Structure formats: C-alpha cells, structure tokens
Amino acid sequence: MSIQLLEQLLPFVAVGFAAQLVDGALGMAFGVISNTLLISLGVPPAAASAGVHTVETFTTAASGISHVLHRNVDWRLFRRLAIPGIIGGLLGAYVLSSVDASVARPFVLAYLAAIGVYLLWRALRHRHPPEREPRFVAPLGLVGGFLDAAGGGGWGPVVTSNLLVQGGCPRRTVGTVNTTEFFLTATVSATFIARLGWEAFTTATAGLLIGGLVASPLGAIMAKRLPTRTLLLLVGTVLTLTSLYGVASALMR
C-alpha cells in the first residue's frame, strides 16, 4: 500500500472506527455519525449515503445473526417493519441520487441536526413507559427507511427510539430493528449502485469498513461501562454541533 493511498484512507478509517464505537455501545447512530463526518470531509451526500449503506450491509448482517441466535427478534414486529422500511429506503435513495449534491447538502445536514436534538431530548427525559405492543409501526418504518437513505443514516435513532416511546420491549425492539436494518441497507446499496454506478463507492467505503470492523469489539466493552444517558448526550451534542456547522457553511457559500 502506497503512502499516498494510506493518507487518503486513514481519515475514513478513523470515521468508521468512531462511528462503530458509538454504535456498538449505543445500538444506533453508525449511519448518522458516519454520514455527518463524511459530508464534513467533502464527500457528496449521495456518495456518502451509498458508502455508509454498503458498509452497514456487512455490520448489520453480523448484528442481525447475533440477535436471531440470542432470540432477541420479535418476528411479528419484523414483518410489520421490513416491507415499509424497504419501500421508504428505495424512495429515499432514488430522491437523493436524482438531485444535485449542492442542493441536497443543507437539507441532509438539517435532518441530521434534528436527529441530534432528538437524541439530546431523549437523554434529558430518559424514561421508559410500561411495556406494550407498539401500534404505530408501518408508517414509522416507511419514514425511517426514507430518512435513512436520504440522510445516510437514522434508521436506528428514528425507529428504535419511537418504538421504545410506544412501550416496546427494549431487548426485542433493538434486536428486531437491527435485524430489519440488514434488509434495508442491502436494498438501499443496490439502489445506489443502479442509480449511480460503482463510481459512487470510493476510498471512503473501504476506510469505513476497516475502521468499523476494528472497533466492533470495543463498542461492546463501552456498552458495559458507560451509562446510556451519557452516550445519548455525547452523540446528540456531536451530531447537533457538527450538522449545524455544516448547514451554516453550506448556506454561506
């Protein structure tokens, strides 16, 4: 590997490492964090989302298999989420790959900033209602899939958080949402390949994959050591500040 290629790869390895570290500890936010940092590094929104979803196809496959083996999946909830989520992902990928990157960038970053604010709100009001079967599922899957593809991430924060607010069992909610995410990311990645071609996948994709794989075991250790509320506050703060800075920079050009 040449020095020049290594220098190009390392920033994306660092992004993948940081995102997976948080995702492994929190159970969400790999796509949101990766996409935010990739766009900040100058990667076009469509290419950033395509690269993130390609990497997530591998990470969510491993996560989904693990949840199935540990019986953390509610298959009825899975069926209610999967089809609407895939449809939303197809629409989001199509919309994002059909518009000019400079036009999409401030809207994507504004969405990511909103996710950051929502995570902060969750941290400050960290309460869980009595467990009951969620009712608002299919529309949530559709919106979550669309925003995930259009914003490069957000399925976990949007869908998991809302299902928990509705009273879903935390263990089965996380397991089911993560398992469903594999089918969503595989569909979105295929859509980006069809719309953008393989040129959408750059050094960023390889770097994210390497960093994510290295950080996977460390995220599990962090999950045992850091309180969820602390992680939510950290993720929400970083996402909000980074995204708002990106929005301001884009609008001032």
# chains A, B, ... in the order shown; residues from 1 in each chain; ligands from 1
>>> select_by_dssp(residues="region 50-231 of chain A", states="alpha helix (DSSP H)", output="MDAnalysis selection string")
chainID A and resid 50:69 75:98 101:124 138:151 155 161:165 170:196 203:225 228:231
>>> closest_residue(among="A:Asp23, A:Asp148, A:Glu131, A:Glu181", to="Val235 (chain A)", atoms="only C-alpha atoms")
A:Asp23
>>> closest_residue(among="A:Phe78, A:Ala19, A:Ala190, A:Gly154", to="Ala114 (chain A)", atoms="only C-alpha atoms")
A:Gly154
>>> closest_residue(among="A:Gly85, A:Gly175, A:Pro134, A:Gly236", to="Arg71 (chain A)", atoms="only C-alpha atoms")
A:Gly175
